[in-house]
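**Q** My structure file structure.tsv, TSV, C-alpha atoms, is below:
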chain	number	residue	atom	x	y	z
A	4	MET	CA	-88.96	-35.85	2.45
A	5	ILE	CA	-89.64	-39.37	1.11
A	6	ARG	CA	-88.24	-38.55	-2.30
A	7	LYS	CA	-85.06	-37.11	-0.77
A	8	LYS	CA	-84.62	-40.21	1.35
A	9	ASN	CA	-84.98	-42.42	-1.71
A	10	ARG	CA	-82.41	-40.39	-3.60
A	11	ASN	CA	-79.92	-40.85	-0.72
A	12	LYS	CA	-80.51	-44.65	-0.93
A	13	LYS	CA	-80.03	-44.82	-4.69
A	14	ARG	CA	-77.84	-47.79	-5.61
A	15	LEU	CA	-75.47	-48.43	-8.50
A	16	THR	CA	-74.45	-51.71	-10.09
A	17	PHE	CA	-70.95	-52.21	-11.57
A	18	ILE	CA	-70.46	-55.16	-13.99
A	19	VAL	CA	-66.95	-56.51	-14.54
A	20	ILE	CA	-66.52	-58.80	-17.57
A	21	PRO	CA	-63.32	-60.89	-17.46
A	22	GLN	CA	-61.23	-61.13	-20.65
A	23	ASP	CA	-61.53	-64.98	-20.74
A	24	ALA	CA	-65.35	-64.66	-21.24
A	25	SER	CA	-66.10	-66.30	-17.89
A	26	LYS	CA	-69.02	-65.29	-15.73
A	27	PRO	CA	-69.14	-61.48	-15.19
A	28	TYR	CA	-68.94	-60.01	-11.72
A	29	LYS	CA	-71.55	-57.66	-10.33
A	30	LEU	CA	-70.89	-55.10	-7.61
A	31	ASN	CA	-73.81	-53.33	-6.01
A	32	THR	CA	-73.17	-50.20	-3.91
A	33	SER	CA	-74.95	-47.05	-2.84
A	34	THR	CA	-74.06	-43.50	-3.85
A	35	ARG	CA	-73.33	-42.79	-0.16
A	36	THR	CA	-70.63	-45.46	-0.15
A	37	ILE	CA	-69.07	-44.05	-3.32
A	38	MET	CA	-69.05	-40.54	-1.78
A	39	ALA	CA	-67.40	-41.92	1.38
A	40	ILE	CA	-64.70	-43.66	-0.68
A	41	ALA	CA	-64.07	-40.50	-2.73
A	42	THR	CA	-63.85	-38.38	0.43
A	43	SER	CA	-61.41	-40.85	1.98
A	44	MET	CA	-59.21	-40.72	-1.12
A	45	VAL	CA	-59.18	-36.91	-1.06
A	46	LEU	CA	-58.26	-36.93	2.65
A	47	LEU	CA	-55.52	-39.47	1.96
A	48	ILE	CA	-54.08	-37.28	-0.78
A	49	VAL	CA	-54.21	-34.19	1.47
A	50	ILE	CA	-52.54	-36.05	4.36
A	51	THR	CA	-49.85	-37.42	2.02
A	52	ILE	CA	-49.08	-33.92	0.69
A	53	SER	CA	-49.00	-32.49	4.25
A	54	ILE	CA	-46.58	-35.19	5.38
A	55	ALA	CA	-44.39	-34.50	2.34
A	56	ILE	CA	-44.35	-30.75	3.07
A	57	ALA	CA	-43.59	-31.35	6.77
A	58	PHE	CA	-40.78	-33.74	5.85
A	59	TYR	CA	-39.28	-31.26	3.41
A	60	GLY	CA	-39.58	-28.48	6.01
A	61	SER	CA	-37.86	-30.62	8.65
A	62	ARG	CA	-35.03	-31.32	6.22
A	63	MET	CA	-34.66	-27.59	5.65
A	64	ASP	CA	-34.73	-26.97	9.43
A	65	ILE	CA	-31.99	-29.56	9.92
A	66	ARG	CA	-29.86	-27.89	7.26
A	67	THR	CA	-30.44	-24.50	8.92
A	68	VAL	CA	-29.43	-25.88	12.33
A	69	ARG	CA	-26.29	-27.40	10.83
A	70	THR	CA	-25.41	-24.06	9.20
A	71	LEU	CA	-25.97	-22.21	12.50
A	72	LYS	CA	-23.78	-24.73	14.32
A	73	GLN	CA	-21.02	-24.26	11.77
A	74	ASP	CA	-21.28	-20.46	12.09
A	75	ASN	CA	-21.23	-20.75	15.88
A	76	ASN	CA	-18.14	-22.97	15.76
A	77	ARG	CA	-16.40	-20.43	13.54
A	78	GLN	CA	-17.33	-17.64	15.96
A	79	VAL	CA	-15.95	-19.64	18.90
A	80	GLU	CA	-12.72	-20.23	16.99
A	81	THR	CA	-12.49	-16.50	16.20
A	82	ILE	CA	-13.11	-15.55	19.84
A	83	ASN	CA	-10.45	-18.00	21.01
A	84	LEU	CA	-8.00	-16.58	18.46
A	85	LEU	CA	-8.75	-13.02	19.56
A	86	ASP	CA	-8.34	-14.07	23.19
A	87	GLN	CA	-4.89	-15.45	22.38
A	88	GLU	CA	-3.99	-12.22	20.56
A	89	ILE	CA	-5.10	-10.17	23.58
A	90	LYS	CA	-2.89	-12.31	25.86
A	91	GLU	CA	0.12	-11.69	23.61
A	92	ILE	CA	-0.57	-7.95	23.59
A	93	GLU	CA	-0.83	-7.97	27.39
A	94	MET	CA	2.60	-9.63	27.55
A	95	GLN	CA	3.99	-6.90	25.31
A	96	LYS	CA	2.45	-4.34	27.69
A	97	GLU	CA	4.60	-5.67	30.52
A	98	GLN	CA	7.76	-5.48	28.40
A	99	ILE	CA	6.98	-1.88	27.38
A	100	THR	CA	6.39	-0.91	31.02
A	101	LYS	CA	9.75	-2.34	32.06
A	102	LYS	CA	11.58	-0.45	29.32
A	103	GLN	CA	9.78	2.78	30.19
A	104	ASP	CA	10.69	2.38	33.86
A	105	GLU	CA	14.33	1.99	32.84
A	106	ILE	CA	14.17	5.24	30.84
A	107	LYS	CA	12.68	7.08	33.83
A	108	LYS	CA	15.46	5.80	36.09
A	109	LEU	CA	18.06	7.02	33.62
A	110	MET	CA	16.38	10.45	33.64
A	111	GLY	CA	16.18	10.49	37.45
A	112	ILE	CA	12.37	10.43	37.59
A	113	LYS	CA	10.89	8.77	40.68
A	114	GLU	CA	7.79	6.70	39.98
A	115	SER	CA	4.97	6.90	42.55
A	116	GLU	CA	3.08	3.75	43.45
A	117	ALA	CA	-0.16	3.26	41.53
A	118	GLN	CA	-3.35	3.10	43.58
A	119	LYS	CA	-6.41	1.21	42.42
A	120	ILE	CA	-9.53	3.38	42.27
A	121	GLU	CA	-12.70	1.72	43.57
A	122	PRO	CA	-16.09	3.36	42.86
A	123	THR	CA	-17.98	4.60	45.92
A	124	ALA	CA	-21.59	5.51	46.65
A	125	GLY	CA	-22.84	8.86	45.44
A	126	GLY	CA	-24.20	10.70	42.43
A	127	LYS	CA	-23.78	9.27	38.94
A	128	GLY	CA	-25.05	10.27	35.53
A	129	GLY	CA	-24.50	10.37	31.79
A	130	ALA	CA	-25.92	8.70	28.71
A	131	ASP	CA	-26.79	5.01	28.33
A	132	LEU	CA	-25.73	3.01	25.29
A	133	LYS	CA	-28.01	0.07	24.49
A	134	THR	CA	-26.11	-3.17	24.06
A	135	ASP	CA	-27.14	-6.51	22.60
A	136	GLY	CA	-26.85	-9.95	24.16
A	137	TYR	CA	-23.58	-10.67	22.37
A	138	MET	CA	-21.88	-7.66	23.97
A	139	ARG	CA	-23.26	-8.50	27.41
A	140	ALA	CA	-22.03	-12.09	27.04
A	141	HIS	CA	-18.50	-10.95	26.19
A	142	THR	CA	-18.17	-8.09	28.67
A	143	GLU	CA	-14.84	-9.38	29.96
A	144	ALA	CA	-13.29	-9.33	26.48
A	145	PHE	CA	-14.54	-5.78	25.83
A	146	ASN	CA	-13.16	-4.65	29.20
A	147	ARG	CA	-9.78	-6.21	28.45
A	148	VAL	CA	-9.61	-4.46	25.09
A	149	GLN	CA	-10.60	-1.17	26.69
A	150	GLY	CA	-7.92	-1.73	29.34
A	151	ILE	CA	-5.29	-2.16	26.64
A	152	LYS	CA	-6.43	1.03	24.89
A	153	THR	CA	-6.24	2.95	28.18
A	154	TYR	CA	-2.78	1.51	28.86
A	155	LEU	CA	-1.51	2.57	25.43
A	156	ASN	CA	-2.97	6.07	25.92
A	157	ARG	CA	-1.22	6.29	29.29
A	158	GLN	CA	2.12	5.18	27.82
A	159	GLU	CA	1.77	7.65	24.97
A	160	GLN	CA	1.09	10.43	27.46
A	161	GLU	CA	4.12	9.52	29.58
A	162	LEU	CA	6.32	9.46	26.49
A	163	ASP	CA	5.00	12.89	25.48
A	164	GLU	CA	5.90	14.19	28.95
A	165	LEU	CA	9.38	12.69	28.74
A	166	ILE	CA	9.92	14.32	25.34
A	167	ALA	CA	8.61	17.63	26.69
A	168	GLN	CA	11.03	17.44	29.61
A	169	VAL	CA	13.88	16.92	27.19
A	170	ASP	CA	12.68	19.84	25.02
A	171	ASP	CA	11.90	21.97	28.10
A	172	ARG	CA	8.39	23.12	27.02
A	173	PRO	CA	6.57	24.58	30.07
A	174	GLU	CA	3.52	25.58	27.99
A	175	TYR	CA	2.91	21.91	27.22
A	176	PHE	CA	2.88	20.98	30.91
A	177	ARG	CA	0.44	23.81	31.64
A	178	SER	CA	-1.88	22.27	29.00
A	179	ILE	CA	-1.89	18.76	30.48
A	180	PRO	CA	-5.18	18.22	32.43
A	181	ASN	CA	-3.49	16.91	35.57
A	182	GLN	CA	-5.28	19.13	38.13
A	183	TRP	CA	-8.14	17.43	40.01
A	184	PRO	CA	-11.22	19.50	39.09
A	185	VAL	CA	-12.89	18.87	42.46
A	186	THR	CA	-12.27	16.90	45.63
A	187	GLY	CA	-14.50	13.92	46.40
A	188	ASN	CA	-15.07	10.24	45.78
A	189	ILE	CA	-15.09	8.62	42.35
A	190	THR	CA	-18.55	7.09	42.06
A	191	SER	CA	-18.25	5.84	38.48
A	192	PRO	CA	-14.97	5.19	36.61
A	193	TYR	CA	-14.19	5.49	32.91
A	194	GLY	CA	-15.25	2.63	30.63
A	195	TRP	CA	-18.08	0.08	30.40
A	196	ARG	CA	-20.45	0.03	33.36
A	197	GLU	CA	-23.91	-1.07	34.47
A	198	SER	CA	-26.43	1.69	33.84
A	199	PRO	CA	-26.76	3.87	37.00
A	200	PHE	CA	-30.46	4.24	36.16
A	201	GLY	CA	-31.25	0.53	36.41
A	202	GLY	CA	-32.21	-2.02	33.79
A	203	LYS	CA	-30.08	-4.51	31.87
A	204	ASN	CA	-28.41	-1.95	29.61
A	205	ARG	CA	-24.69	-1.31	29.82
A	206	SER	CA	-23.24	2.08	28.98
A	207	PHE	CA	-19.80	3.33	28.05
A	208	HIS	CA	-18.90	6.09	30.50
A	209	GLU	CA	-16.74	8.66	28.71
A	210	GLY	CA	-15.32	10.19	31.88
A	211	ILE	CA	-15.31	9.82	35.66
A	212	ASP	CA	-17.99	10.89	38.15
A	213	ILE	CA	-16.72	12.64	41.30
A	214	ALA	CA	-19.28	13.12	44.08
A	215	ASN	CA	-19.34	16.10	46.45
A	216	GLN	CA	-21.80	18.60	47.90
A	217	VAL	CA	-23.81	20.99	45.75
A	218	GLY	CA	-21.90	24.24	45.33
A	219	ALA	CA	-18.40	22.77	45.69
A	220	ASP	CA	-15.80	24.61	43.58
A	221	ILE	CA	-15.03	23.15	40.15
A	222	VAL	CA	-11.62	24.23	38.84
A	223	ALA	CA	-9.93	24.03	35.44
A	224	ALA	CA	-7.69	20.99	35.05
A	225	ALA	CA	-5.23	22.93	32.87
A	226	ASP	CA	-4.65	26.29	31.19
A	227	GLY	CA	-6.95	26.91	28.28
A	228	LYS	CA	-9.80	28.73	26.56
A	229	VAL	CA	-13.50	28.19	27.28
A	230	ILE	CA	-15.16	27.01	24.04
A	231	PHE	CA	-18.56	26.05	25.52
A	232	ALA	CA	-20.51	27.21	28.58
A	233	GLY	CA	-24.18	26.32	28.64
A	234	TRP	CA	-26.78	23.54	28.73
A	235	GLN	CA	-26.25	20.12	27.10
A	236	SER	CA	-28.80	17.35	26.81
A	237	VAL	CA	-28.12	14.61	29.41
A	238	TYR	CA	-25.14	16.51	30.89
A	239	GLY	CA	-26.94	19.62	32.11
A	240	LYS	CA	-24.92	22.80	32.75
A	241	THR	CA	-21.56	22.13	31.12
A	242	VAL	CA	-18.20	23.83	30.56
A	243	ILE	CA	-15.77	22.70	27.85
A	244	ILE	CA	-12.19	24.01	27.75
A	245	ASP	CA	-9.67	23.77	24.91
A	246	HIS	CA	-6.12	23.40	26.28
A	247	ALA	CA	-4.18	23.17	22.99
A	248	PHE	CA	-1.84	20.28	22.12
A	249	GLY	CA	-4.98	18.25	21.33
A	250	PHE	CA	-6.40	18.37	24.89
A	251	THR	CA	-10.00	19.27	25.74
A	252	THR	CA	-11.78	18.82	29.07
A	253	LYS	CA	-15.48	18.67	29.91
A	254	TYR	CA	-17.17	19.52	33.24
A	255	SER	CA	-20.87	18.57	33.50
A	256	HIS	CA	-23.95	18.46	35.80
A	257	ASN	CA	-22.97	21.81	37.40
A	258	SER	CA	-25.40	23.93	39.40
A	259	ALA	CA	-23.85	27.21	38.18
A	260	LEU	CA	-21.37	28.31	35.49
A	261	LEU	CA	-18.82	31.00	36.40
A	262	VAL	CA	-17.15	31.45	33.00
A	263	GLU	CA	-18.24	32.36	29.48
A	264	VAL	CA	-17.21	31.30	25.99
A	265	GLY	CA	-13.92	32.97	25.06
A	266	ASP	CA	-12.58	33.28	28.64
A	267	GLN	CA	-8.94	32.33	29.17
A	268	VAL	CA	-8.54	30.28	32.36
A	269	LYS	CA	-5.55	29.09	34.35
A	270	LYS	CA	-5.02	25.67	35.87
A	271	GLY	CA	-6.79	25.59	39.26
A	272	GLU	CA	-9.09	28.57	38.50
A	273	VAL	CA	-12.72	28.17	39.63
A	274	ILE	CA	-15.02	27.78	36.60
A	275	ALA	CA	-18.29	26.34	38.00
A	276	ALA	CA	-20.18	25.08	41.04
A	277	LEU	CA	-20.93	21.36	41.49
A	278	GLY	CA	-24.53	20.27	41.05
A	279	SER	CA	-26.88	17.60	39.72
A	280	THR	CA	-28.37	19.09	36.56
A	281	GLY	CA	-29.18	16.95	33.52
A	282	ARG	CA	-29.53	13.18	33.76
A	283	SER	CA	-28.12	12.49	37.20
A	284	THR	CA	-28.80	10.43	40.31
A	285	GLY	CA	-27.24	12.93	42.73
A	286	PRO	CA	-24.69	15.76	43.15
A	287	HIS	CA	-21.45	15.03	41.28
A	288	LEU	CA	-19.12	16.24	38.55
A	289	HIS	CA	-18.79	14.37	35.27
A	290	PHE	CA	-15.20	15.05	34.20
A	291	ALA	CA	-14.02	13.98	30.75
A	292	VAL	CA	-10.68	14.31	28.97
A	293	ILE	CA	-10.58	14.35	25.18
A	294	LYS	CA	-7.34	14.12	23.21
A	295	TRP	CA	-7.44	14.75	19.48
A	296	GLY	CA	-11.19	14.15	19.45
A	297	LYS	CA	-11.21	10.85	21.40
A	298	THR	CA	-12.12	10.41	25.05
A	299	GLN	CA	-9.52	8.97	27.40
A	300	ASP	CA	-9.47	7.84	31.01
A	301	PRO	CA	-8.88	11.04	33.06
A	302	LEU	CA	-6.89	8.98	35.58
A	303	ILE	CA	-4.15	8.77	32.95
A	304	TYR	CA	-3.40	12.42	33.75
A	305	LEU	CA	-4.62	13.03	37.30
A	306	PRO	CA	-2.02	12.55	40.06
What would the structure in this file look like if it were written as structure tokens?

**A**
Amino acid sequence: MIRKKNRNKKRLTFIVIPQDASKPYKLNTSTRTIMAIATSMVLLIVITISIAIAFYGSRMDIRTVRTLKQDNNRQVETINLLDQEIKEIEMQKEQITKKQDEIKKLMGIKESEAQKIEPTAGGKGGADLKTDGYMRAHTEAFNRVQGIKTYLNRQEQELDELIAQVDDRPEYFRSIPNQWPVTGNITSPYGWRESPFGGKNRSFHEGIDIANQVGADIVAAADGKVIFAGWQSVYGKTVIIDHAFGFTTKYSHNSALLVEVGDQVKKGEVIAALGSTGRSTGPHLHFAVIKWGKTQDPLIYLP
């Protein structure tokens, strides 16, 4: 122990001889002091490098923030431009409606007053589509775009009917899904909606939900041929009818199916019994209209 203590107290002498041959300088120090100085220098170097790295990283973070701000500004400009475009399209919608009304007057067609459909309490169902924060933040814009698409589909349908009247094609009118498939309240309209099963997800509802009692008659919305009658994931017991001229209708969540694949049905013929099978919160019918492979708002066709 004594020897170790002596080694720790070992001292060193440094002699500095000036160039002008004056008296040399002596510096006495212990090995402990030298080790302390060396350790301090190492720590200083490490701290200096750390500060340099942190400074460089902060510069990179600043550049990243600036880039994100620039991207965000460009996105805001794009959204504002799209908003202006939507407003111009909505103005064109009004002009088209006026011209179409004039054509109907010339043809002697009386236009019934439109009634706004408000969802009511009752059974709902269907699939949920997960949406990100961007879509949730711009719900209004998505709804406006969907409204324009529905409007254009409605105008196209009315023009098709006007042309059919001129051509006198009764088979076309029998194929239009304009028969209410069941009586009841609309509990969920077509388009973007809050998930009926809770949570923050929004879903795009590809039809309308009509609530009624279990067992209520479900009828075909138009003449056609049954191309599906069975169970579908989410939608439960389902009937799909092909009506020709690009029209297909879908009837889901039924408690019983009264038709089979290949059956020819007439508009107003009973095809199923209302139920709550599949993913559903209560008794209702999910009614969807598809034209040329794309879903459309059934209220375009229903009186």

**Q** What's the 10 Å shell around Trp234 in chain A, counting only C-alpha atoms, without same-chain residues fewer than 6 positions away, as a PyMOL selection string?

**A** chain A and resi 240-242+255-257+260+280-281

**Q** So how many Å separate CA of Ile243 in chain A and CA of Asp212 in chain A, to one decimal?

**A**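 Going from CA of Ile243 in chain A over to CA of Asp212 in chain A, I get 15.8 Å.
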
**Q** Hey, what's within 9 Å of Gly296 in chain A if we count all atoms listed in the file and toss same-chain stuff fewer than 5 positions away? As a ChimeraX atom specification, please?

**A** /A:249-251

**Q** Considering only C-alpha atoms, can you say which of A:Pro27, A:Pro286, A:Gly125, A:Pro301 comes closest to Thr190 in chain A?

**A**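 Checking each candidate against Thr190 in chain A, we get A:Gly125 as the closest.
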
**Q** As a JSON list (two decimals) with C-alpha atoms, in the frame of the given file, please: the residues near range 216-230 of chain A (cut-off 7 Å, only C-alpha atoms, same-chain neighbours under 5 positions excluded).

**A**
[["chain", "number", "residue", "atom", "x", "y", "z"],
["A", 177, "ARG", "CA", 0.44, 23.81, 31.64],
["A", 178, "SER", "CA", -1.88, 22.27, 29.00],
["A", 179, "ILE", "CA", -1.89, 18.76, 30.48],
["A", 180, "PRO", "CA", -5.18, 18.22, 32.43],
["A", 181, "ASN", "CA", -3.49, 16.91, 35.57],
["A", 182, "GLN", "CA", -5.28, 19.13, 38.13],
["A", 183, "TRP", "CA", -8.14, 17.43, 40.01],
["A", 184, "PRO", "CA", -11.22, 19.50, 39.09],
["A", 185, "VAL", "CA", -12.89, 18.87, 42.46],
["A", 243, "ILE", "CA", -15.77, 22.70, 27.85],
["A", 244, "ILE", "CA", -12.19, 24.01, 27.75],
["A", 245, "ASP", "CA", -9.67, 23.77, 24.91],
["A", 246, "HIS", "CA", -6.12, 23.40, 26.28],
["A", 258, "SER", "CA", -25.40, 23.93, 39.40],
["A", 263, "GLU", "CA", -18.24, 32.36, 29.48],
["A", 264, "VAL", "CA", -17.21, 31.30, 25.99],
["A", 265, "GLY", "CA", -13.92, 32.97, 25.06],
["A", 266, "ASP", "CA", -12.58, 33.28, 28.64],
["A", 267, "GLN", "CA", -8.94, 32.33, 29.17],
["A", 268, "VAL", "CA", -8.54, 30.28, 32.36],
["A", 269, "LYS", "CA", -5.55, 29.09, 34.35],
["A", 270, "LYS", "CA", -5.02, 25.67, 35.87],
["A", 271, "GLY", "CA", -6.79, 25.59, 39.26],
["A", 272, "GLU", "CA", -9.09, 28.57, 38.50],
["A", 273, "VAL", "CA", -12.72, 28.17, 39.63],
["A", 274, "ILE", "CA", -15.02, 27.78, 36.60],
["A", 275, "ALA", "CA", -18.29, 26.34, 38.00],
["A", 276, "ALA", "CA", -20.18, 25.08, 41.04],
["A", 277, "LEU", "CA", -20.93, 21.36, 41.49],
["A", 278, "GLY", "CA", -24.53, 20.27, 41.05],
["A", 286, "PRO", "CA", -24.69, 15.76, 43.15]]

**Q** Using all atoms listed in the file, which of the listed residues (A:Glu174, A:Asp74, A:Glu159, A:Glu88) sits closest to Phe248 in chain A?

**A**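 The closest residue to Phe248 in chain A is A:Glu174.
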
**Q** Please compute the CA of Gly285 in chain A-CA of Tyr254 in chain A distance, one decimal, in Å.

**A**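 Interatomic distance here is 15.3 Å.
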
**Q** CA of Thr298 in chain A and CA of Ala232 in chain A, how far apart in Å?

**A**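 Pair CA of Ala232 in chain A / CA of Thr298 in chain A returns 19.1 Å.
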
**Q** Taking only C-alpha atoms into account, which of A:Ala41, A:Lys253, A:Ala247, A:Ile211 comes nearest Phe231 in chain A?

**A**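 Closest to Phe231 in chain A of all the choices is A:Lys253.
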
**Q** Near Glu161 in chain A, within 10 Å and counting all atoms listed in the file, which residues show up once chain neighbours fewer than 6 positions away are dropped, as a PDB file with C-alpha atoms, keeping the file's coordinate frame?

**A**
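Full text of part.pdb as output:
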ATOM      1  CA  GLN A 103       9.780   2.780  30.190  1.00  0.00           C
ATOM      2  CA  LYS A 107      12.680   7.080  33.830  1.00  0.00           C
ATOM      3  CA  LEU A 155      -1.510   2.570  25.430  1.00  0.00           C
ATOM      4  CA  ALA A 167       8.610  17.630  26.690  1.00  0.00           C
ATOM      5  CA  ILE A 303      -4.150   8.770  32.950  1.00  0.00           C
ATOM      6  CA  TYR A 304      -3.400  12.420  33.750  1.00  0.00           C
TER       7      TYR A 304
END

**Q** Which residues, written as an MDAnalysis selection string, have at least one atom at most 10 Å from Val148 in chain A, with only C-alpha atoms counted and residues fewer than 3 positions away on the same chain left out?

**A** chainID A and resid 86 89 92:93 142:145 151:154

**Q** Rank nothing, just name the residue among A:Gln235, A:His289, A:Tyr193, A:Met63 nearest to Asn215 in chain A, using only C-alpha atoms.

**A**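 For Asn215 in chain A, the nearest of the given residues is A:His289.
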
**Q** Between A:Lys72, A:His287, A:Lys26, A:Arg157, which is the closest to Leu305 in chain A once you count only C-alpha atoms?

**A**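 Smallest separation from Leu305 in chain A among the options: A:Arg157.
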
**Q** Ranking A:Asp64, A:Gln158, A:Ile48, A:Leu15 by minimum distance to Lys96 in chain A and counting all atoms listed in the file, which one comes first?

**A**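 For Lys96 in chain A, the nearest of the candidates is A:Gln158.
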